[in-house]
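Engineer: Dropping a structure here in structure tokens format, bear with me for questions.
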Amino acid sequence: MKELVELVAKAIVDHPEQVEVTEERLGDQVILRLRVAADDMGRIIGRQGRIANALRTLLRVAAARQGVRAALEIG
Amino acid sequence: MSKEGVEATGRTLDEAIEKALAQLGLTREEVHIEVISPGRPGILGVGAEEAKVRVVPLEAYSPVGEEEGEEEEGVVVKGPDAPEVAKAVEYLEEILALLGIKAHITVRAPETAADGYGRSSAVLDVRGVEGEDLGILIGRRGSTLAALQHIINVVINRQFGSRVIVTVDVEGYKRRREESLRNLAFRLAEKVKQTGRPITLEPMPPAERRIVHLALLDDPNVVTSSIGNGEARKVIISPRRSGRRPPPPRPPR
């Protein structure tokens with residue numbers, strides 16, 4: 001799941017080297033935290049949050065395949 | 001009951017509408033009928049789905065002007081051989097691999113509205129291999145598929161700085177949806193002609209609204225338009241009244 005968020009984030013930001021994803025597991029709950037350069041926040045979130053929402057939707061698929069629930073925090 | 005009107009369900013569309021009218025104490029002439037779900041008869045009751053409508057008193061109904069929307073302006077259409085398409089395939093393969101989904105991608109030229117003909121440069125057809133069920137990639141009413149396609153397009157737009165878009169389809173979902181939307185459009189158009197009253201469909205994404213517009217473009221007795229904004233935007237099918245010029249045909253979108 002971490003790799004998925006990294007792949008997508010790095011592909012759409014201006015500063016891929018500043019993309020940082022951490023993964024924390026609490027039982028069947030996984031919390032992913034995505035950090036990007038300040039001026040890349042808009043790119044990750046997208047207009048009306050569309051990109052962030054799409055990323056969360058994909059993450060849901062990845063989580064479901066692993067039998068866990070995932071949450072994505074950005075910023 | 002709110003001033004938005006009432007919702008009602010029934011075994012058939014007519015039954016649902018009658019129930020709603022009874023609640024409002026109005027006649028069909030005094031309301032705007034919005035079809036939330038046309039329902040399905042099912043076979044011997046199996047797989048049946050209730051019809052659902054929202055009925056709004058005409059005085060409370062205000063059609064919003066038909067503004068052209070958003071993001072698809074300035075799209076450049078290239079062929080399936082474009083480097084943007086190759087990149088899209090590459091990214092889609094990587095995403096599928098990370099999701100642990102075994103699938104095969106075929107690239108082809110768009111042919112129909114569901115394929116994004118005229119806007120999209122290529123269709124990336126994803127099919128499961130080794131009996132892999134890709135339903136999880138489609139999601140409820142195609143929402144996961146839409147997210148996947150959006151991500152892929154954002155990636156290639158960012159990498160190439162060009163407005164090239166691709167269509168992602170999974171197990172022919174969009175083709176099947178196109179077929180059922182066309183059938184729904186034809187059925188509702190008949191209803192509009194019979195009753196002389198407009199019918200509004202449930203909210204749909206732009207690609208699906210375009211399918212409905214295109215399906216009824218050649219019907220001389222009805223005219224289609226869209227109301228609402230963003231995700232709430234929906235198609236309305238109205239009778240085309242003779243003696244009055246219909247509004248200029250909407251560019252299908």
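We name chains A, B, ... following the order of the structure tokens; residues begin at 1 in each chain, and ligands are numbered from 1 as shown.
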Just asking: which residues within chain A are helix (DSSP H, G or I) according to DSSP, as a PyMOL selection string?

Structural biologist: chain A and resi 2-12+16-18+38-45+47-65

Engineer: Using N, CA and C atoms, can you write the selected residues to a file as a CSV table (one decimal), in the first residue's frame?

Structural biologist:
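Result file result-v1.csv:
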```csv
chain,number,residue,atom,x,y,z
A,2,LYS,N,1.9,1.2,0.8
A,2,LYS,CA,2.9,2.3,0.9
A,2,LYS,C,3.5,2.5,-0.5
A,3,GLU,N,3.8,1.4,-1.2
A,3,GLU,CA,4.4,1.6,-2.6
A,3,GLU,C,3.4,2.2,-3.5
A,4,LEU,N,2.2,1.8,-3.4
A,4,LEU,CA,1.2,2.4,-4.3
A,4,LEU,C,1.1,3.9,-4.1
A,5,VAL,N,1.0,4.3,-2.9
A,5,VAL,CA,0.9,5.8,-2.6
A,5,VAL,C,2.1,6.5,-3.1
A,6,GLU,N,3.3,5.9,-2.9
A,6,GLU,CA,4.6,6.5,-3.4
A,6,GLU,C,4.6,6.6,-4.9
A,7,LEU,N,4.2,5.5,-5.6
A,7,LEU,CA,4.3,5.5,-7.0
A,7,LEU,C,3.4,6.6,-7.6
A,8,VAL,N,2.2,6.7,-7.1
A,8,VAL,CA,1.3,7.8,-7.7
A,8,VAL,C,1.8,9.2,-7.3
A,9,ALA,N,2.2,9.3,-6.0
A,9,ALA,CA,2.6,10.6,-5.5
A,9,ALA,C,3.8,11.1,-6.3
A,10,LYS,N,4.8,10.3,-6.4
A,10,LYS,CA,6.0,10.7,-7.1
A,10,LYS,C,5.8,11.0,-8.6
A,11,ALA,N,4.8,10.4,-9.2
A,11,ALA,CA,4.5,10.6,-10.6
A,11,ALA,C,3.8,12.0,-10.9
A,12,ILE,N,3.2,12.6,-9.8
A,12,ILE,CA,2.5,13.8,-10.1
A,12,ILE,C,3.0,15.0,-9.4
A,16,PRO,N,9.6,14.9,-6.5
A,16,PRO,CA,9.5,13.5,-6.1
A,16,PRO,C,10.4,13.1,-4.9
A,17,GLU,N,11.6,13.8,-4.9
A,17,GLU,CA,12.5,13.4,-3.9
A,17,GLU,C,12.0,13.8,-2.5
A,18,GLN,N,11.0,14.6,-2.4
A,18,GLN,CA,10.5,15.0,-1.1
A,18,GLN,C,9.2,14.2,-0.7
A,38,ALA,N,5.7,21.5,0.3
A,38,ALA,CA,4.5,22.4,0.5
A,38,ALA,C,3.9,22.8,-0.8
A,39,ASP,N,4.7,23.1,-1.8
A,39,ASP,CA,4.1,23.6,-3.1
A,39,ASP,C,3.6,22.5,-4.0
A,40,ASP,N,3.7,21.2,-3.5
A,40,ASP,CA,3.1,20.1,-4.2
A,40,ASP,C,1.8,19.7,-3.6
A,41,MET,N,1.4,20.3,-2.5
A,41,MET,CA,0.1,19.9,-1.8
A,41,MET,C,-1.1,19.9,-2.8
A,42,GLY,N,-1.1,21.0,-3.5
A,42,GLY,CA,-2.2,21.2,-4.4
A,42,GLY,C,-2.3,20.1,-5.5
A,43,ARG,N,-1.2,19.7,-5.9
A,43,ARG,CA,-1.1,18.6,-7.0
A,43,ARG,C,-1.6,17.3,-6.4
A,44,ILE,N,-1.3,17.0,-5.2
A,44,ILE,CA,-1.7,15.8,-4.6
A,44,ILE,C,-3.2,15.8,-4.3
A,45,ILE,N,-3.7,16.9,-3.9
A,45,ILE,CA,-5.1,16.9,-3.5
A,45,ILE,C,-6.0,17.1,-4.7
A,47,ARG,N,-8.1,19.4,-7.8
A,47,ARG,CA,-9.3,20.3,-7.7
A,47,ARG,C,-10.4,19.6,-7.0
A,48,GLN,N,-11.0,20.2,-6.0
A,48,GLN,CA,-12.1,19.6,-5.2
A,48,GLN,C,-11.6,18.3,-4.5
A,49,GLY,N,-10.3,18.1,-4.3
A,49,GLY,CA,-9.9,16.9,-3.7
A,49,GLY,C,-10.0,15.7,-4.5
A,50,ARG,N,-10.1,15.8,-5.8
A,50,ARG,CA,-10.4,14.7,-6.7
A,50,ARG,C,-9.2,13.7,-6.7
A,51,ILE,N,-8.0,14.2,-6.8
A,51,ILE,CA,-6.8,13.3,-6.9
A,51,ILE,C,-6.7,12.5,-5.5
A,52,ALA,N,-6.8,13.2,-4.4
A,52,ALA,CA,-6.7,12.6,-3.1
A,52,ALA,C,-7.8,11.5,-3.0
A,53,ASN,N,-9.0,11.9,-3.4
A,53,ASN,CA,-10.1,10.9,-3.3
A,53,ASN,C,-9.9,9.7,-4.2
A,54,ALA,N,-9.4,9.9,-5.4
A,54,ALA,CA,-9.1,8.8,-6.3
A,54,ALA,C,-8.0,7.9,-5.7
A,55,LEU,N,-7.0,8.5,-5.1
A,55,LEU,CA,-5.9,7.8,-4.5
A,55,LEU,C,-6.5,6.9,-3.3
A,56,ARG,N,-7.4,7.5,-2.5
A,56,ARG,CA,-8.0,6.8,-1.4
A,56,ARG,C,-8.8,5.6,-1.9
A,57,THR,N,-9.5,5.8,-3.0
A,57,THR,CA,-10.3,4.7,-3.6
A,57,THR,C,-9.4,3.6,-4.0
A,58,LEU,N,-8.3,3.9,-4.7
A,58,LEU,CA,-7.4,2.8,-5.1
A,58,LEU,C,-6.8,2.1,-3.8
A,59,LEU,N,-6.5,2.9,-2.8
A,59,LEU,CA,-6.0,2.4,-1.6
A,59,LEU,C,-6.9,1.4,-1.0
A,60,ARG,N,-8.2,1.7,-1.1
A,60,ARG,CA,-9.3,0.8,-0.5
A,60,ARG,C,-9.2,-0.6,-1.2
A,61,VAL,N,-8.9,-0.6,-2.5
A,61,VAL,CA,-8.8,-1.9,-3.2
A,61,VAL,C,-7.6,-2.6,-2.7
A,62,ALA,N,-6.5,-1.9,-2.5
A,62,ALA,CA,-5.2,-2.6,-2.0
A,62,ALA,C,-5.5,-3.1,-0.6
A,63,ALA,N,-6.1,-2.4,0.2
A,63,ALA,CA,-6.4,-2.8,1.6
A,63,ALA,C,-7.3,-4.0,1.6
A,64,ALA,N,-8.4,-3.9,0.8
A,64,ALA,CA,-9.3,-5.0,0.7
A,64,ALA,C,-8.7,-6.3,0.3
A,65,ARG,N,-7.7,-6.2,-0.6
A,65,ARG,CA,-7.0,-7.4,-1.0
A,65,ARG,C,-6.1,-8.0,0.1
```

Engineer: Using DSSP on the backbone, list every residue of chain A that comes out as strand (DSSP E), and give them as a VMD selection string.

Structural biologist: chain A and resid 20 to 26 29 to 35 69 to 74

Engineer: For the selection just defined, write its residues with N, CA and C atoms to a file, as a PDB file, in the first residue's frame.

Structural biologist:
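Contents of selection-v1.pdb, as written:
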```pdb
ATOM      1  N   GLU A  20       7.302  11.394   0.973  1.00  0.00           N
ATOM      2  CA  GLU A  20       7.615  10.511   2.091  1.00  0.00           C
ATOM      3  C   GLU A  20       6.332   9.831   2.546  1.00  0.00           C
ATOM      4  N   VAL A  21       6.353   8.519   2.585  1.00  0.00           N
ATOM      5  CA  VAL A  21       5.163   7.795   3.036  1.00  0.00           C
ATOM      6  C   VAL A  21       5.538   6.907   4.210  1.00  0.00           C
ATOM      7  N   THR A  22       4.778   7.009   5.280  1.00  0.00           N
ATOM      8  CA  THR A  22       4.989   6.106   6.402  1.00  0.00           C
ATOM      9  C   THR A  22       3.734   5.269   6.602  1.00  0.00           C
ATOM     10  N   GLU A  23       3.930   4.076   7.118  1.00  0.00           N
ATOM     11  CA  GLU A  23       2.816   3.151   7.285  1.00  0.00           C
ATOM     12  C   GLU A  23       2.789   2.683   8.736  1.00  0.00           C
ATOM     13  N   GLU A  24       1.628   2.793   9.346  1.00  0.00           N
ATOM     14  CA  GLU A  24       1.507   2.370  10.738  1.00  0.00           C
ATOM     15  C   GLU A  24       0.363   1.372  10.844  1.00  0.00           C
ATOM     16  N   ARG A  25       0.623   0.237  11.447  1.00  0.00           N
ATOM     17  CA  ARG A  25      -0.416  -0.800  11.559  1.00  0.00           C
ATOM     18  C   ARG A  25      -0.932  -0.915  12.965  1.00  0.00           C
ATOM     19  N   LEU A  26      -2.254  -0.922  13.096  1.00  0.00           N
ATOM     20  CA  LEU A  26      -2.899  -1.137  14.390  1.00  0.00           C
ATOM     21  C   LEU A  26      -3.937  -2.221  14.169  1.00  0.00           C
ATOM     22  N   GLN A  29      -6.091  -2.244  10.998  1.00  0.00           N
ATOM     23  CA  GLN A  29      -6.188  -0.854  10.533  1.00  0.00           C
ATOM     24  C   GLN A  29      -4.797  -0.364  10.152  1.00  0.00           C
ATOM     25  N   VAL A  30      -4.692   0.188   8.943  1.00  0.00           N
ATOM     26  CA  VAL A  30      -3.401   0.705   8.489  1.00  0.00           C
ATOM     27  C   VAL A  30      -3.530   2.199   8.237  1.00  0.00           C
ATOM     28  N   ILE A  31      -2.650   2.957   8.855  1.00  0.00           N
ATOM     29  CA  ILE A  31      -2.675   4.398   8.613  1.00  0.00           C
ATOM     30  C   ILE A  31      -1.451   4.786   7.795  1.00  0.00           C
ATOM     31  N   LEU A  32      -1.714   5.362   6.639  1.00  0.00           N
ATOM     32  CA  LEU A  32      -0.625   5.813   5.784  1.00  0.00           C
ATOM     33  C   LEU A  32      -0.555   7.332   5.867  1.00  0.00           C
ATOM     34  N   ARG A  33       0.667   7.836   6.049  1.00  0.00           N
ATOM     35  CA  ARG A  33       0.837   9.288   6.075  1.00  0.00           C
ATOM     36  C   ARG A  33       1.713   9.694   4.899  1.00  0.00           C
ATOM     37  N   LEU A  34       1.184  10.594   4.112  1.00  0.00           N
ATOM     38  CA  LEU A  34       1.908  11.051   2.926  1.00  0.00           C
ATOM     39  C   LEU A  34       2.352  12.497   3.135  1.00  0.00           C
ATOM     40  N   ARG A  35       3.654  12.710   2.983  1.00  0.00           N
ATOM     41  CA  ARG A  35       4.178  14.074   3.054  1.00  0.00           C
ATOM     42  C   ARG A  35       4.810  14.441   1.734  1.00  0.00           C
ATOM     43  N   ARG A  69      -8.096  -2.470   6.680  1.00  0.00           N
ATOM     44  CA  ARG A  69      -8.684  -1.186   6.331  1.00  0.00           C
ATOM     45  C   ARG A  69      -7.577  -0.147   6.361  1.00  0.00           C
ATOM     46  N   ALA A  70      -7.606   0.735   5.371  1.00  0.00           N
ATOM     47  CA  ALA A  70      -6.526   1.717   5.283  1.00  0.00           C
ATOM     48  C   ALA A  70      -7.074   3.140   5.308  1.00  0.00           C
ATOM     49  N   ALA A  71      -6.330   4.011   5.956  1.00  0.00           N
ATOM     50  CA  ALA A  71      -6.672   5.429   5.938  1.00  0.00           C
ATOM     51  C   ALA A  71      -5.462   6.187   5.426  1.00  0.00           C
ATOM     52  N   LEU A  72      -5.701   7.206   4.622  1.00  0.00           N
ATOM     53  CA  LEU A  72      -4.601   8.001   4.086  1.00  0.00           C
ATOM     54  C   LEU A  72      -4.682   9.420   4.634  1.00  0.00           C
ATOM     55  N   GLU A  73      -3.623   9.809   5.308  1.00  0.00           N
ATOM     56  CA  GLU A  73      -3.536  11.192   5.793  1.00  0.00           C
ATOM     57  C   GLU A  73      -2.522  11.922   4.934  1.00  0.00           C
ATOM     58  N   ILE A  74      -2.900  13.115   4.534  1.00  0.00           N
ATOM     59  CA  ILE A  74      -2.005  13.891   3.673  1.00  0.00           C
ATOM     60  C   ILE A  74      -1.573  15.164   4.393  1.00  0.00           C
TER      61      ILE A  74
END
```

Engineer: Just want the 12 Å neighbourhood of Leu188 in chain B, counted on only C-alpha atoms, with same-chain residues fewer than 4 positions away dropped. Output as a PyMOL selection string.

Structural biologist: chain B and resi 13-14+33-35+37-38+181-184+192-201+212+215-216+222-224+235-239

Engineer: Measuring between only C-alpha atoms, which one of B:Ala122, B:Ile152, B:Leu214, B:Ile227 shows the shortest distance to chain A?

Structural biologist: B:Ile152

Engineer: Could you jot down the CA of Gly131 in chain B to CA of Gly67 in chain A separation for me, Å, one decimal place?

Structural biologist: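 Between CA of Gly131 in chain B and CA of Gly67 in chain A the gap is 19.9 Å.
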
Engineer: For Asp14 in chain A, which residue among B:Arg11, B:Arg158, B:Arg187, B:Arg163 is the nearest when counting only C-alpha atoms?

Structural biologist: B:Arg158

Engineer: For CA of Ala88 in chain B and CA of Gly230 in chain B, quote the distance in Å rounded to one decimal.

Structural biologist: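 Interatomic distance, CA of Ala88 in chain B to CA of Gly230 in chain B: 25.5 Å.
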
Engineer: Sorted by chain and rising residue number, list the residues of chain B at most 12 Å from chain A (counting only C-alpha atoms), each with its closest atom pair and distance in Å to one decimal, as JSON lines.

Structural biologist:
```
{"residue": "B:Glu70", "atom": "CA", "partner": "A:Arg47", "partner_atom": "CA", "distance": 10.6}
{"residue": "B:Glu71", "atom": "CA", "partner": "A:Arg47", "partner_atom": "CA", "distance": 10.0}
{"residue": "B:Lys87", "atom": "CA", "partner": "A:Ala11", "partner_atom": "CA", "distance": 11.1}
{"residue": "B:Ala88", "atom": "CA", "partner": "A:Ala11", "partner_atom": "CA", "distance": 11.4}
{"residue": "B:Glu90", "atom": "CA", "partner": "A:Leu7", "partner_atom": "CA", "distance": 11.8}
{"residue": "B:Tyr91", "atom": "CA", "partner": "A:Val8", "partner_atom": "CA", "distance": 8.7}
{"residue": "B:Leu92", "atom": "CA", "partner": "A:Val8", "partner_atom": "CA", "distance": 10.4}
{"residue": "B:Glu93", "atom": "CA", "partner": "A:Leu7", "partner_atom": "CA", "distance": 11.7}
{"residue": "B:Glu94", "atom": "CA", "partner": "A:Leu7", "partner_atom": "CA", "distance": 8.4}
{"residue": "B:Ile95", "atom": "CA", "partner": "A:Leu4", "partner_atom": "CA", "distance": 6.6}
{"residue": "B:Leu96", "atom": "CA", "partner": "A:Leu4", "partner_atom": "CA", "distance": 9.5}
{"residue": "B:Ala97", "atom": "CA", "partner": "A:Leu4", "partner_atom": "CA", "distance": 9.4}
{"residue": "B:Leu98", "atom": "CA", "partner": "A:Leu4", "partner_atom": "CA", "distance": 6.1}
{"residue": "B:Leu99", "atom": "CA", "partner": "A:Ala62", "partner_atom": "CA", "distance": 5.1}
{"residue": "B:Gly100", "atom": "CA", "partner": "A:Arg65", "partner_atom": "CA", "distance": 7.8}
{"residue": "B:Ile101", "atom": "CA", "partner": "A:Arg65", "partner_atom": "CA", "distance": 9.0}
{"residue": "B:Asp133", "atom": "CA", "partner": "A:Arg65", "partner_atom": "CA", "distance": 11.7}
{"residue": "B:Leu134", "atom": "CA", "partner": "A:Val61", "partner_atom": "CA", "distance": 10.6}
{"residue": "B:Gly135", "atom": "CA", "partner": "A:Val61", "partner_atom": "CA", "distance": 10.4}
{"residue": "B:Ile136", "atom": "CA", "partner": "A:Val61", "partner_atom": "CA", "distance": 6.6}
{"residue": "B:Leu137", "atom": "CA", "partner": "A:Val61", "partner_atom": "CA", "distance": 7.2}
{"residue": "B:Ile138", "atom": "CA", "partner": "A:Val61", "partner_atom": "CA", "distance": 9.9}
{"residue": "B:Gly139", "atom": "CA", "partner": "A:Val61", "partner_atom": "CA", "distance": 9.0}
{"residue": "B:Arg140", "atom": "CA", "partner": "A:Thr57", "partner_atom": "CA", "distance": 11.0}
{"residue": "B:Gly142", "atom": "CA", "partner": "A:Thr57", "partner_atom": "CA", "distance": 11.4}
{"residue": "B:Ser143", "atom": "CA", "partner": "A:Thr57", "partner_atom": "CA", "distance": 8.2}
{"residue": "B:Thr144", "atom": "CA", "partner": "A:Thr57", "partner_atom": "CA", "distance": 6.1}
{"residue": "B:Leu145", "atom": "CA", "partner": "A:Leu58", "partner_atom": "CA", "distance": 9.0}
{"residue": "B:Ala146", "atom": "CA", "partner": "A:Ala54", "partner_atom": "CA", "distance": 8.0}
{"residue": "B:Ala147", "atom": "CA", "partner": "A:Ala54", "partner_atom": "CA", "distance": 4.4}
{"residue": "B:Leu148", "atom": "CA", "partner": "A:Leu58", "partner_atom": "CA", "distance": 6.8}
{"residue": "B:Gln149", "atom": "CA", "partner": "A:Ala54", "partner_atom": "CA", "distance": 9.0}
{"residue": "B:His150", "atom": "CA", "partner": "A:Ala54", "partner_atom": "CA", "distance": 7.0}
{"residue": "B:Ile151", "atom": "CA", "partner": "A:Ala54", "partner_atom": "CA", "distance": 6.7}
{"residue": "B:Ile152", "atom": "CA", "partner": "A:Val8", "partner_atom": "CA", "distance": 8.7}
{"residue": "B:Asn153", "atom": "CA", "partner": "A:Ile12", "partner_atom": "CA", "distance": 10.3}
{"residue": "B:Val154", "atom": "CA", "partner": "A:Ile12", "partner_atom": "CA", "distance": 7.1}
{"residue": "B:Val155", "atom": "CA", "partner": "A:Ile12", "partner_atom": "CA", "distance": 5.6}
{"residue": "B:Ile156", "atom": "CA", "partner": "A:Ala11", "partner_atom": "CA", "distance": 8.5}
{"residue": "B:Asn157", "atom": "CA", "partner": "A:Ile12", "partner_atom": "CA", "distance": 8.7}
{"residue": "B:Arg158", "atom": "CA", "partner": "A:Ile12", "partner_atom": "CA", "distance": 5.8}
{"residue": "B:Gln159", "atom": "CA", "partner": "A:Ala11", "partner_atom": "CA", "distance": 7.3}
{"residue": "B:Phe160", "atom": "CA", "partner": "A:Ile12", "partner_atom": "CA", "distance": 10.8}
{"residue": "B:Gly161", "atom": "CA", "partner": "A:Ile12", "partner_atom": "CA", "distance": 10.9}
{"residue": "B:Gly230", "atom": "CA", "partner": "A:Gln48", "partner_atom": "CA", "distance": 10.0}
{"residue": "B:Glu231", "atom": "CA", "partner": "A:Gln48", "partner_atom": "CA", "distance": 11.2}
```

Engineer: Have a look at CA of Arg233 in chain B and CA of Ala109 in chain B and let me know their distance in Å, one decimal.

Structural biologist: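 For CA of Arg233 in chain B relative to CA of Ala109 in chain B, the distance reads 28.1 Å.
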